[in-house]
Every structure is written in C-alpha cells, then in structure tokens.
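Containing compact mmCIF, C-alpha atoms: coords_38.txt.
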```txt
# COMPACT_ATOMS: atom_id res chain seq x y z
CA MET A 669 123.68 99.20 92.77
CA LYS A 670 120.82 97.15 94.25
CA LYS A 671 117.42 98.85 94.29
CA SER A 672 117.21 98.67 98.08
CA LYS A 673 120.53 100.50 98.38
CA THR A 674 119.43 103.13 95.85
CA VAL A 675 116.17 103.66 97.79
CA PHE A 676 118.17 103.80 101.04
CA VAL A 677 120.47 106.54 99.70
CA PHE A 678 117.54 108.42 98.13
CA SER A 679 115.71 108.19 101.47
CA LEU A 680 118.66 109.69 103.33
CA ILE A 681 118.71 112.57 100.84
CA LEU A 682 114.94 113.11 101.25
CA ILE A 683 115.19 113.16 105.05
CA PHE A 684 118.17 115.53 104.91
CA PHE A 685 116.15 117.79 102.58
CA ASN A 686 113.16 117.50 104.94
CA LEU A 687 115.20 118.49 108.01
CA LEU A 688 116.88 121.33 106.12
CA PHE A 689 113.56 122.86 105.06
CA TYR A 690 111.97 122.45 108.48
CA SER A 691 114.98 123.85 110.33
CA PHE A 692 115.59 126.91 108.16
CA GLN A 693 112.11 127.35 106.60
CA ILE A 694 113.69 128.11 103.22
CA GLY A 695 111.35 130.04 100.89
CA GLY A 696 108.90 131.10 103.59
CA GLU A 697 105.58 129.70 104.79
CA ASN A 698 104.07 128.85 101.39
CA ILE A 699 107.06 126.77 100.32
CA LEU A 700 107.11 125.13 103.75
CA THR A 701 103.45 124.13 103.35
CA ILE A 702 104.13 122.67 99.90
CA VAL A 703 107.17 120.75 101.15
CA SER A 704 105.42 119.48 104.29
CA ASP A 705 102.39 118.37 102.26
CA PHE A 706 104.12 116.79 99.28
CA LEU A 707 107.11 115.09 100.92
CA PRO A 708 104.82 112.53 102.64
CA VAL A 709 103.21 111.93 99.23
CA ILE A 710 106.62 111.13 97.72
CA CYS A 711 107.62 108.98 100.72
CA SER A 712 104.33 107.05 100.66
CA ILE A 713 104.69 106.48 96.89
CA ILE A 714 108.11 104.91 97.57
CA ALA A 715 106.52 102.66 100.21
CA CYS A 716 103.72 101.70 97.77
CA ILE A 717 106.19 100.89 94.97
CA GLY A 718 108.33 98.82 97.34
CA LEU A 719 105.37 96.90 98.76
CA ASN A 720 103.95 96.29 95.29
CA THR A 721 107.33 94.96 94.13
CA ALA A 722 107.55 92.68 97.19
CA PHE A 723 103.95 91.52 96.74
CA ARG A 724 104.57 90.63 93.09
CA SER A 725 107.71 88.69 93.93
CA PHE A 726 105.60 85.96 95.59
CA LYS A 727 104.35 83.60 92.88
CA THR A 728 101.74 81.55 94.72
CA PHE A 729 98.77 83.44 96.13
CA ASP A 730 99.23 82.01 99.61
CA TYR A 731 98.89 83.24 103.19
CA THR A 732 102.20 85.14 102.96
CA LYS A 733 101.21 86.89 99.75
CA ILE A 734 97.84 87.88 101.24
CA SER A 735 99.57 89.43 104.28
CA TRP A 736 101.79 91.48 101.94
CA LEU A 737 98.71 92.47 99.93
CA MET A 738 97.13 93.77 103.14
CA LEU A 739 100.20 95.87 103.90
CA LEU A 740 100.19 97.20 100.34
CA LEU A 741 96.47 98.02 100.54
CA GLY A 742 96.94 99.83 103.85
CA ILE A 743 99.83 101.94 102.59
CA VAL A 744 97.99 102.71 99.33
CA LEU A 745 95.13 104.08 101.46
CA PHE A 746 97.65 106.08 103.50
CA PHE A 747 99.04 107.42 100.21
CA GLY A 748 95.44 108.39 99.35
CA GLY A 749 95.30 110.26 102.66
CA GLU A 750 98.61 112.04 102.08
CA SER A 751 97.79 113.11 98.53
CA THR A 752 94.24 114.20 99.40
CA TYR A 753 95.57 116.28 102.30
CA ALA A 754 98.19 117.90 100.04
CA VAL A 755 95.68 118.66 97.28
CA LEU A 756 93.11 120.08 99.71
CA GLU A 757 95.62 122.36 101.39
CA VAL A 758 97.86 123.41 98.50
CA ILE A 759 95.52 123.36 95.47
CA PHE A 760 92.11 124.08 97.05
CA GLU A 761 93.60 126.20 99.86
CA VAL A 762 91.45 124.55 102.52
CA ASP A 763 92.42 125.69 106.03
CA MET A 764 93.38 122.33 107.48
CA ASN A 765 93.64 123.75 110.99
CA GLU A 766 89.95 124.66 110.90
CA THR A 767 88.66 121.69 108.89
CA PHE A 768 88.66 118.39 110.74
CA PRO A 769 88.08 115.66 109.82
CA THR A 770 88.73 115.97 106.08
CA LEU A 771 88.43 113.45 103.25
CA ALA A 772 92.11 112.65 103.85
CA ASP A 773 91.29 111.39 107.36
CA TYR A 774 88.87 108.80 105.95
CA PHE A 775 91.63 107.38 103.76
CA TRP A 776 93.95 107.15 106.76
CA LEU A 777 91.28 105.62 108.96
CA ALA A 778 90.48 103.02 106.30
CA GLY A 779 94.17 102.13 106.03
CA TYR A 780 94.45 100.88 109.61
CA LEU A 781 92.39 97.74 109.13
CA PRO A 782 94.40 96.14 106.30
CA LEU A 783 97.67 97.15 107.98
CA PHE A 784 96.62 95.51 111.23
CA ILE A 785 95.42 92.41 109.37
CA GLY A 786 98.73 92.19 107.45
CA LEU A 787 100.87 92.45 110.58
CA ALA A 788 98.63 90.16 112.66
CA MET A 789 98.60 87.53 109.89
CA THR A 790 102.39 87.51 109.85
CA ILE A 791 102.67 87.15 113.64
CA TYR A 792 100.02 84.41 113.65
CA ALA A 793 101.74 82.53 110.83
CA TYR A 794 105.06 82.84 112.62
CA LYS A 795 103.54 81.49 115.85
CA ARG A 796 102.33 78.43 113.95
CA SER A 797 105.58 78.04 112.02
CA GLY A 798 107.47 76.04 114.61
CA PHE A 799 110.33 78.55 114.81
CA PRO A 800 111.37 79.48 118.36
CA PHE A 801 109.16 82.25 119.73
CA GLY A 802 111.72 83.71 122.10
CA ASN A 803 111.79 84.34 125.80
CA VAL A 804 108.46 84.42 127.68
CA LYS A 805 109.97 86.96 130.10
CA MET A 806 110.61 89.32 127.20
CA TYR A 807 106.95 89.10 126.13
CA SER A 808 105.90 89.85 129.71
CA LEU A 809 108.22 92.87 129.75
CA ILE A 810 106.90 94.13 126.38
CA SER A 811 103.31 93.62 127.60
CA ALA A 812 104.03 95.50 130.84
CA ILE A 813 105.52 98.43 128.88
CA PHE A 814 102.40 98.46 126.70
CA VAL A 815 100.10 98.55 129.68
CA ILE A 816 102.02 101.59 131.00
CA ILE A 817 101.99 103.33 127.59
CA THR A 818 98.30 102.57 127.08
CA GLY A 819 97.51 103.86 130.57
CA GLY A 820 99.44 107.06 129.88
CA LEU A 821 97.73 107.45 126.54
CA ILE A 822 94.27 106.98 128.04
CA TYR A 823 94.98 109.40 130.87
CA LEU A 824 96.79 112.10 128.89
CA LEU A 825 94.99 111.95 125.56
CA LEU A 826 91.86 109.85 125.38
CA ILE A 827 90.06 111.00 128.55
CA PRO A 828 90.69 114.74 127.92
CA ILE A 829 89.39 114.36 124.34
CA ILE A 830 86.26 112.49 125.51
CA GLN A 831 85.60 115.13 128.17
CA ASP A 832 86.15 118.09 125.82
CA THR A 833 82.74 119.75 125.35
CA GLU A 834 83.92 121.95 122.45
CA THR A 835 84.75 118.97 120.23
CA SER A 836 81.97 117.39 118.15
CA PHE A 837 81.20 113.66 118.23
CA LEU A 838 82.70 113.09 114.76
CA GLU A 839 85.86 115.00 115.64
CA LYS A 840 86.18 113.05 118.89
CA PHE A 841 85.74 109.79 117.01
CA VAL A 842 88.55 110.61 114.57
CA TYR A 843 90.84 112.05 117.25
CA LEU A 844 90.37 108.89 119.31
CA PHE A 845 90.60 106.50 116.37
CA TYR A 846 94.19 107.45 115.53
CA PRO A 847 95.85 106.66 118.88
CA ILE A 848 93.70 103.55 119.42
CA GLY A 849 94.41 102.35 115.87
CA ASP A 850 98.09 103.11 116.45
CA LEU A 851 98.14 100.88 119.51
CA PHE A 852 96.79 98.07 117.34
CA LEU A 853 99.66 98.63 114.89
CA ILE A 854 102.47 99.24 117.34
CA ILE A 855 101.84 96.02 119.30
CA PRO A 856 102.41 93.61 116.36
CA ALA A 857 105.22 95.88 115.08
CA VAL A 858 107.11 95.65 118.40
CA PHE A 859 106.58 91.88 118.47
CA MET A 860 107.99 91.71 114.94
CA ILE A 861 111.03 93.72 116.05
CA TYR A 862 111.59 91.24 118.87
CA ILE A 863 111.02 88.19 116.66
CA THR A 864 113.37 89.48 113.97
CA SER A 865 116.01 90.22 116.63
CA LEU A 866 116.03 86.46 117.33
CA PHE A 867 117.25 85.89 113.77
CA GLY A 868 120.38 87.99 114.28
CA LYS A 869 121.93 88.82 110.92
CA GLY A 870 119.88 86.24 109.01
CA SER A 871 118.79 87.70 105.67
CA ILE A 872 115.22 86.50 106.15
CA SER A 873 114.53 88.98 108.95
CA ARG A 874 116.09 92.05 107.35
CA PRO A 875 112.95 93.26 105.52
CA TRP A 876 110.85 92.94 108.67
CA LYS A 877 113.35 94.86 110.78
CA TYR A 878 112.85 97.86 108.49
CA ILE A 879 109.10 97.42 108.11
CA ALA A 880 108.46 97.06 111.84
CA ALA A 881 110.69 100.06 112.59
CA GLY A 882 108.76 102.01 109.94
CA PHE A 883 105.43 101.25 111.60
CA ILE A 884 106.77 102.21 115.01
CA SER A 885 108.06 105.52 113.64
CA MET A 886 104.70 106.25 111.98
CA THR A 887 102.63 105.34 115.02
CA ILE A 888 104.72 107.51 117.35
CA ALA A 889 104.19 110.40 114.91
CA ASP A 890 100.46 109.63 114.79
CA ILE A 891 100.06 109.69 118.55
CA LEU A 892 101.92 113.00 118.78
CA TYR A 893 99.82 114.35 115.90
CA SER A 894 96.56 113.44 117.67
CA TYR A 895 97.71 115.25 120.78
CA LEU A 896 99.07 118.36 119.02
CA SER A 897 96.16 118.55 116.58
CA TRP A 898 93.61 118.39 119.42
CA LEU A 899 95.48 121.26 121.15
CA ASP A 900 95.54 123.16 117.81
CA MET A 901 99.31 123.10 117.94
CA TYR A 902 99.95 121.11 114.76
CA GLY A 903 100.84 123.00 111.60
CA ALA A 904 102.98 122.90 108.46
CA GLY A 905 106.64 122.28 109.19
CA ASN A 906 106.12 120.37 112.43
CA PHE A 907 109.04 118.00 113.02
CA ILE A 908 106.73 115.05 113.68
CA ASP A 909 106.23 114.95 109.88
CA VAL A 910 109.82 113.70 109.64
CA ALA A 911 108.89 110.62 111.69
CA TRP A 912 106.03 109.87 109.24
CA ASN A 913 108.33 110.26 106.27
CA ILE A 914 111.00 108.06 107.88
CA GLY A 915 108.26 105.50 108.59
CA TYR A 916 107.15 105.33 104.95
CA LEU A 917 110.72 105.17 103.70
CA LEU A 918 111.68 102.37 106.12
CA ILE A 919 108.65 100.38 104.97
CA GLY A 920 109.66 100.97 101.35
CA ILE A 921 113.29 99.94 101.96
CA GLY A 922 112.14 96.81 103.85
CA ALA A 923 109.85 95.86 100.98
CA PHE A 924 112.68 96.22 98.43
CA TYR A 925 114.85 94.01 100.67
CA GLN A 926 112.07 91.41 100.67
CA LYS A 927 111.98 91.35 96.89
CA GLU A 928 115.77 90.99 96.72
CA LEU A 929 115.65 88.22 99.33
CA ILE A 930 113.17 86.25 97.23
CA GLU A 931 115.24 86.79 94.08
CA SER A 932 118.46 85.75 95.82
CA LEU A 933 117.21 82.21 96.54
CA MET B 1030 132.09 72.98 112.48
CA THR B 1031 128.96 73.34 114.60
CA TYR B 1032 127.95 69.66 114.54
CA ASN B 1033 129.89 66.42 114.29
CA ASN B 1034 126.99 64.91 112.33
CA PRO B 1035 127.55 65.92 108.66
CA ILE B 1036 123.79 65.89 107.92
CA ALA B 1037 123.04 68.33 110.73
CA GLU B 1038 126.02 70.42 109.68
CA ARG B 1039 124.81 70.64 106.06
CA ILE B 1040 121.34 71.68 107.17
CA TYR B 1041 122.91 74.29 109.44
CA VAL B 1042 125.07 75.59 106.57
CA LEU B 1043 121.93 75.88 104.40
CA LEU B 1044 119.87 77.68 107.02
CA GLN B 1045 122.47 79.88 108.69
CA PRO B 1046 122.70 82.64 106.03
CA LEU B 1047 118.91 82.80 105.88
CA ILE B 1048 117.85 82.75 109.50
CA GLY B 1049 121.10 83.53 111.32
CA PRO B 1050 123.30 81.18 113.37
CA THR B 1051 121.28 81.34 116.61
CA MET B 1052 117.94 80.67 114.95
CA ALA B 1053 119.46 77.98 112.70
CA ARG B 1054 120.75 76.11 115.77
CA GLY B 1055 117.53 76.79 117.72
CA SER B 1056 115.12 75.69 115.01
CA LEU B 1057 117.20 72.63 114.12
CA LYS B 1058 117.19 71.61 117.78
CA VAL B 1059 113.41 72.13 118.07
CA GLN B 1060 112.68 70.27 114.84
CA VAL B 1061 114.89 67.25 115.52
CA GLU B 1062 113.46 66.96 119.04
CA LYS B 1063 110.01 66.78 117.47
CA LEU B 1064 111.26 63.78 115.50
CA GLY B 1065 112.54 62.16 118.68
CA VAL B 1066 116.24 62.43 117.79
CA SER B 1067 119.08 64.88 118.41
CA GLU B 1068 121.25 66.86 116.00
CA GLU B 1069 124.02 64.30 116.39
CA THR B 1070 121.79 61.28 115.78
CA LEU B 1071 119.82 62.78 112.90
CA SER B 1072 119.86 60.48 109.86
CA LYS B 1073 118.70 60.71 106.24
CA LYS B 1074 115.42 58.91 106.87
CA PHE B 1075 114.22 61.91 108.93
CA LEU B 1076 115.04 64.47 106.24
CA PRO B 1077 111.66 64.53 104.40
CA GLU B 1078 109.73 65.23 107.61
CA LEU B 1079 112.34 67.65 108.93
CA ALA B 1080 112.40 69.52 105.60
CA ALA B 1081 108.59 69.76 105.60
CA ASN B 1082 108.61 71.25 109.11
CA ILE B 1083 111.33 73.77 108.25
CA GLU B 1084 109.44 74.66 105.05
CA LYS B 1085 106.38 75.49 107.15
CA GLY B 1086 108.47 77.97 109.16
CA LEU B 1087 110.14 79.56 106.16
CA ARG B 1088 106.82 80.03 104.34
CA VAL B 1089 105.98 83.00 106.60
CA PHE B 1090 108.95 84.94 105.28
CA LEU B 1091 109.57 83.50 101.82
CA GLY B 1092 106.19 82.35 100.56
CA THR B 1093 105.35 78.79 99.47
CA ASP B 1094 107.59 78.56 96.40
CA LYS B 1095 110.90 79.71 97.84
CA ALA B 1096 110.31 77.87 101.13
CA ARG B 1097 109.74 74.70 99.07
CA GLU B 1098 113.02 75.28 97.21
CA VAL B 1099 114.95 75.51 100.50
CA SER B 1100 113.06 72.49 101.79
CA SER B 1101 113.95 70.41 98.73
CA ASN B 1102 117.62 71.36 99.19
CA ILE B 1103 117.39 69.89 102.70
CA LYS B 1104 115.63 66.76 101.43
CA ASN B 1105 118.31 66.25 98.80
CA ILE B 1106 121.23 66.35 101.22
CA THR B 1107 123.42 63.34 100.47
```
What do you get writing this file as structure tokens?
Amino acid sequence: MKKSKTVFVFSLILIFFNLLFYSFQIGGENILTIVSDFLPVICSIIACIGLNTAFRSFKTFDYTKISWLMLLLGIVLFFGGESTYAVLEVIFEVDMNETFPTLADYFWLAGYLPLFIGLAMTIYAYKRSGFPFGNVKMYSLISAIFVIITGGLIYLLLIPIIQDTETSFLEKFVYLFYPIGDLFLIIPAVFMIYITSLFGKGSISRPWKYIAAGFISMTIADILYSYLSWLDMYGAGNFIDVAWNIGYLLIGIGAFYQKELIESL
Amino acid sequence: MTYNNPIAERIYVLLQPLIGPTMARGSLKVQVEKLGVSEETLSKKFLPELAANIEKGLRVFLGTDKAREVSSNIKNIT
C-alpha cells in the first residue's frame, strides 16, 4: 500500500477515535484532557513527517523547495505549540483556562509567518507560470465573500475584544492575532482550492487540494477557538479540536501525495 | 483524438495525466498562441520554446528537476 493511502486510513481511524472520545467522554475528564491535548500532537507530527518527506523529494533548492520548506517550518512551529500546550496542561498541570497566553501561543504565533510565506510564494509562482488563472468573475466572487467574512469577523470578534476592558493588552494582542493571521492563511488557501479545481483530476493538483483544505479546516477552527476562548467557553473535549486534527492530517496526506507525485515521474 | 496535429496530440497526451484534460488543452492553447501559431499548425521548430514555457509552469508544482524532465519529453517528440 502507498504511504499516502496508509496515512489516509490511519487518519480516518484517528478521527473516528477522536469523535468517539469526544462524544462519549470515555474514561472521564482526565482521560479526555489527555486525548484532547495529545491527539493534535500526533496529528501535527504526521503533518511534519509528510511535509519533510515532500520537501526532501525536491532535489534542487529552488523556489518550489523553499515554499515547501516554509510550510514545513510553519507546521513544525505549530507542532511546538501543540506539544508545549499538552506538556503544560497534562504534565505541569497548568490551568490553561486561566493562563493566557502561554508559551504554546508563541509557537503558534511564530508559525503563521512561514505558512503565509509558503502559500503566498506558491500562488505568486503560479501566477507567473503562464498556466491559465481561471475566471476573473470567480475571483471577484471569492473576494466579495472574503469582504463579508472579514466584516463579520471584525464586527463580531475583533471590535468586542478591543473594547473589552477586562482583557490585558498582551491577551488582546494574541486573541486578535489568531483571527487576523487566519485571514492571511485562508485567502491563499481558498485561491489554491480554486486554482487546483481548474486542473480537474490532474495528478499535479492532488497534493494541493488536500493541503489547501487542511489550512481551511485549521483556520476555521482557529477563528472559533479565538471566539470561544475569549468568552471562556473553550475547554478540553471541544469539537473544534477535530477540525484542527483534520487540518493537520489533510496537510500530511497532501504532502505524502506530493512525494509520490515526484517519484512517479 | 483531441487534435488532428500529431505533435499537439502527443503533447496533450503527455500533459493530460499531470494537469488534467481541461488544463492541458487550456495551457497548450495559451502557449501556442504566445508563439503565434495554433494547436493545429504547431510544428517541431516551436517545441524547444514551447517546452521551456510549459516547464516554467510545471516548476511550481514539481520543482526544477521533474519539470525539466517533462519539458525534455516534449522537446524530444518526434
């Protein structure tokens, strides 16, 4: 069996396991905390391994390889965030509902820049590649949807956080950074989804379909997390964790497909 | 058969599994238009330039080495 298929099947099992634990809270609150903290660590490791494999499959250190390196770097930092969060909560028993931001947040915040650079580099390179860029009307439609989403996000999340007098400056900065950073990731990710849709079933676009979908899943989870966390409604076993885990796994599967694509030529 | 011109057809057959039928037709059309010809009037003398342009596009997804391999397959069409 190809590695991508093995990772795909393993991912389905992990997500099934994730949903099972969250739905029935097997083993009580302590087990739920361990599962909700360590599953993202496992999922992000899979994404890191996949991206590292894809990165190494490019021989020449060119523009394409650098963009994959950026994605790898970003996800490694996210893995740093996931593992730090898990260790702080499970090993050091830090109350994560009371402590914000934590060291884990700095890893996550640092991960946004290389991820954005990696995605933006790919879009920019594609724009210069000479391949058809699709329908201008579709870009206008995507842009209009973004303006609406951004407006909603500013009105429902960003303004209330800014106006909240009980939240410190540092907390506000981190709360605001996530949704704003997510917008910077979701825009290139949606463009990648559209671009790859132009390729139909062409094998070249398959990795990017998974990777872009993974980023979209993660950013939706992030935006919901910012909102719930600010309202003190986020805790272990929240179903938005599943979207993060799916995001990591999709990125990992896409990266394994990329490696297999390179090897198949 | 998508094209009556065997050269265009062979390029299409090379590209189609990689970039899909729609994009293969679309990019071939764009690239041959850049050379001032059409898919049906494309001849061997245009292949090096056409291959170089297609290689530039493929590099985004495949990296320099693999894109060059596909490009040299196009150049070597007989």
With all atoms listed in the file as the counted atoms, please give the residues lying no more than 12 Å from A:Phe689, apart from itself and same-chain residues fewer than 6 positions off, as an mmCIF file with C-alpha atoms, in the frame of the given file.
```cif
data_model
loop_
_atom_site.group_PDB
_atom_site.id
_atom_site.type_symbol
_atom_site.label_atom_id
_atom_site.label_comp_id
_atom_site.auth_asym_id
_atom_site.auth_seq_id
_atom_site.Cartn_x
_atom_site.Cartn_y
_atom_site.Cartn_z
ATOM 1 C CA LEU A 682 114.940 113.110 101.250
ATOM 2 C CA ILE A 683 115.190 113.160 105.050
ATOM 3 C CA GLY A 695 111.350 130.040 100.890
ATOM 4 C CA GLY A 696 108.900 131.100 103.590
ATOM 5 C CA GLU A 697 105.580 129.700 104.790
ATOM 6 C CA ASN A 698 104.070 128.850 101.390
ATOM 7 C CA ILE A 699 107.060 126.770 100.320
ATOM 8 C CA LEU A 700 107.110 125.130 103.750
ATOM 9 C CA THR A 701 103.450 124.130 103.350
ATOM 10 C CA ILE A 702 104.130 122.670 99.900
ATOM 11 C CA VAL A 703 107.170 120.750 101.150
ATOM 12 C CA SER A 704 105.420 119.480 104.290
ATOM 13 C CA LEU A 707 107.110 115.090 100.920
ATOM 14 C CA ALA A 904 102.980 122.900 108.460
ATOM 15 C CA GLY A 905 106.640 122.280 109.190
ATOM 16 C CA ASN A 906 106.120 120.370 112.430
ATOM 17 C CA PHE A 907 109.040 118.000 113.020
ATOM 18 C CA ASP A 909 106.230 114.950 109.880
ATOM 19 C CA VAL A 910 109.820 113.700 109.640
#
```
Padding 5 Å on every side, please: axis-aligned box over the listed atoms of stretch 1039-1043 of chain B, centre and edge lengths to one decimal in Å, as JSON.
```
{"center_x": 123.2, "center_y": 73.3, "center_z": 106.9, "size_x": 13.7, "size_y": 15.2, "size_z": 15.0}
```
Hey, which bits of chain B sit within 9 Å of chain A, and for each residue what's the closest pair of atoms and how far apart in Å (one decimal), counting all atoms listed in the file, rows by chain and increasing number, as a Markdown table?
```
| residue | atom | partner | partner_atom | distance |
| --- | --- | --- | --- | --- |
| B:Leu1044 | CA | A:Gly870 | CA | 8.8 |
| B:Gln1045 | CA | A:Gly870 | CA | 6.9 |
| B:Pro1046 | CA | A:Gly870 | CA | 5.5 |
| B:Leu1047 | CA | A:Gly870 | CA | 4.8 |
| B:Ile1048 | CA | A:Gly870 | CA | 4.1 |
| B:Gly1049 | CA | A:Gly870 | CA | 3.8 |
| B:Pro1050 | CA | A:Gly868 | CA | 7.5 |
| B:Thr1051 | CA | A:Phe867 | CA | 6.7 |
| B:Met1052 | CA | A:Phe867 | CA | 5.4 |
| B:Ala1053 | CA | A:Phe867 | CA | 8.3 |
| B:Gly1055 | CA | A:Pro800 | CA | 6.8 |
| B:Ser1056 | CA | A:Phe799 | CA | 5.6 |
| B:Val1059 | CA | A:Pro800 | CA | 7.6 |
| B:Gln1060 | CA | A:Gly798 | CA | 7.8 |
| B:Asn1082 | CA | A:Gly798 | CA | 7.4 |
| B:Ile1083 | CA | A:Gly798 | CA | 7.8 |
| B:Glu1084 | CA | A:Ser797 | CA | 8.7 |
| B:Lys1085 | CA | A:Ser797 | CA | 5.6 |
| B:Gly1086 | CA | A:Ser797 | CA | 4.1 |
| B:Leu1087 | CA | A:Ser797 | CA | 7.6 |
| B:Arg1088 | CA | A:Thr732 | CA | 7.0 |
| B:Val1089 | CA | A:Thr732 | CA | 5.7 |
| B:Phe1090 | CA | A:Ile872 | CA | 6.5 |
| B:Leu1091 | CA | A:Ile930 | CA | 6.4 |
| B:Gly1092 | CA | A:Thr732 | CA | 5.4 |
| B:Thr1093 | CA | A:Thr728 | CA | 6.6 |
| B:Asp1094 | CA | A:Thr728 | CA | 6.8 |
| B:Lys1095 | CA | A:Leu933 | CA | 6.9 |
| B:Glu1098 | CA | A:Leu933 | CA | 8.1 |
| B:Val1099 | CA | A:Leu933 | CA | 8.1 |
```
Item checked: All residues 12 Å or closer to A:Lys840, all atoms listed in the file, same chain fewer than 2 positions away omitted, as a PyMOL selection string -> chain A and resi 768-769+825-838+842-847+894-895+897-898
Next item on the list: Find the spatial neighbours of A:Cys711, counting all atoms listed in the file, within a cut-off of 10 Å - ignore same-chain residues fewer than 3 positions away - and output them as a PyMOL selection string.
Entry: chain A and resi 679+682-683+706-708+714-716+747+750+912-920
Item checked: Spatial neighbours of A:Leu739, 7 Å, all atoms listed in the file, chain gap at least 6 places, as a PyMOL selection string -> chain A and resi 782-783+786
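Between atom CA of B:Ala1037 and atom CA of B:Leu1071 the separation is 6.8 Å.
Of the listed residues B:Met1030, B:Ile1103, B:Leu1079, B:Val1042, the one whose atoms come nearest to B:Lys1058 is B:Leu1079, with distances taken using all atoms listed in the file.
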Checklist line | Atom pair atom CA of B:Ala1081 / atom CA of B:Asn1034: separation (Å) | finding: 20.2 Å
Checklist line | Point (94.9, 100.3, 106.4), cut-off 9 Å, counting only C-alpha atoms, residues as a PyMOL selection string | finding: chain A and resi 738-746+775-785
Next item on the list: Enter the distance from atom CA of A:Gly748 to atom CA of A:Ala772, in Å, rounded to one decimal.
Entry: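 Going from atom CA of A:Gly748 over to atom CA of A:Ala772 covers 7.0 Å.
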Item checked: Residue among B:Arg1039, B:Gly1065, B:Glu1078, B:Thr1070 lying closest to B:Asn1102, counting only C-alpha atoms -> B:Arg1039
Next item on the list: Rank nothing, just name the residue among A:Ile891, A:Ile863, A:Val762, A:Ala881 nearest to A:Ile848, using only C-alpha atoms.
Entry: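 For A:Ile848, the nearest of the candidates is A:Ile891.
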Next item on the list: Can you pull out every residue within 10 Å of B:Tyr1032, counting all atoms listed in the file, but drop anything in the same chain fewer than 5 positions away, and send it as an MDAnalysis selection string?
Entry: chainID B and resid 1037:1039 1041 1054 1068:1069
Item checked: Given only C-alpha atoms as the counted atoms, nearest of A:Leu737, A:Met669, A:Met886, A:Ile681 to A:Ala923 ->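 Of the candidates, the smallest distance to A:Ala923 is held by A:Leu737.
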Next item on the list: Rank A:Met901, A:Leu853, A:Val804, A:Ala788 by their smallest atom-to-atom distance to A:Gly882, using all atoms listed in the file, and report the top residue only.
Entry: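 Of the candidates, the smallest distance to A:Gly882 is held by A:Leu853.
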Please fill the gaps in stretch 1082-1098 of chain B so it has N, CA and C atoms, and write that as a compact mmCIF listing (two decimals), in the coordinates of the input.
```
# COMPACT_ATOMS: atom_id res chain seq x y z
N ASN B 1082 108.83 70.38 107.94
CA ASN B 1082 108.61 71.25 109.11
C ASN B 1082 109.34 72.58 108.96
N ILE B 1083 110.56 72.53 108.44
CA ILE B 1083 111.33 73.77 108.25
C ILE B 1083 110.66 74.62 107.16
N GLU B 1084 110.14 73.95 106.13
CA GLU B 1084 109.44 74.66 105.05
C GLU B 1084 108.26 75.45 105.61
N LYS B 1085 107.54 74.83 106.53
CA LYS B 1085 106.38 75.49 107.15
C LYS B 1085 106.81 76.81 107.83
N GLY B 1086 107.96 76.77 108.49
CA GLY B 1086 108.47 77.97 109.16
C GLY B 1086 108.92 79.04 108.18
N LEU B 1087 109.58 78.60 107.13
CA LEU B 1087 110.14 79.56 106.16
C LEU B 1087 109.05 80.23 105.32
N ARG B 1088 107.92 79.52 105.17
CA ARG B 1088 106.82 80.03 104.34
C ARG B 1088 106.38 81.43 104.78
N VAL B 1089 106.42 81.70 106.06
CA VAL B 1089 105.98 83.00 106.60
C VAL B 1089 106.79 84.14 105.97
N PHE B 1090 108.07 83.88 105.76
CA PHE B 1090 108.95 84.94 105.28
C PHE B 1090 109.20 84.87 103.78
N LEU B 1091 109.15 83.66 103.22
CA LEU B 1091 109.57 83.50 101.82
C LEU B 1091 108.44 83.15 100.87
N GLY B 1092 107.28 82.82 101.42
CA GLY B 1092 106.19 82.35 100.56
C GLY B 1092 106.39 80.87 100.25
N THR B 1093 105.34 80.24 99.70
CA THR B 1093 105.35 78.79 99.47
C THR B 1093 106.47 78.34 98.54
N ASP B 1094 106.65 79.04 97.43
CA ASP B 1094 107.59 78.56 96.40
C ASP B 1094 109.03 78.52 96.87
N LYS B 1095 109.49 79.63 97.43
CA LYS B 1095 110.90 79.71 97.84
C LYS B 1095 111.15 78.82 99.06
N ALA B 1096 110.15 78.75 99.96
CA ALA B 1096 110.31 77.87 101.13
C ALA B 1096 110.44 76.42 100.66
N ARG B 1097 109.67 76.07 99.62
CA ARG B 1097 109.74 74.70 99.07
C ARG B 1097 111.11 74.44 98.46
N GLU B 1098 111.68 75.45 97.81
CA GLU B 1098 113.02 75.28 97.21
C GLU B 1098 114.06 74.98 98.30
```
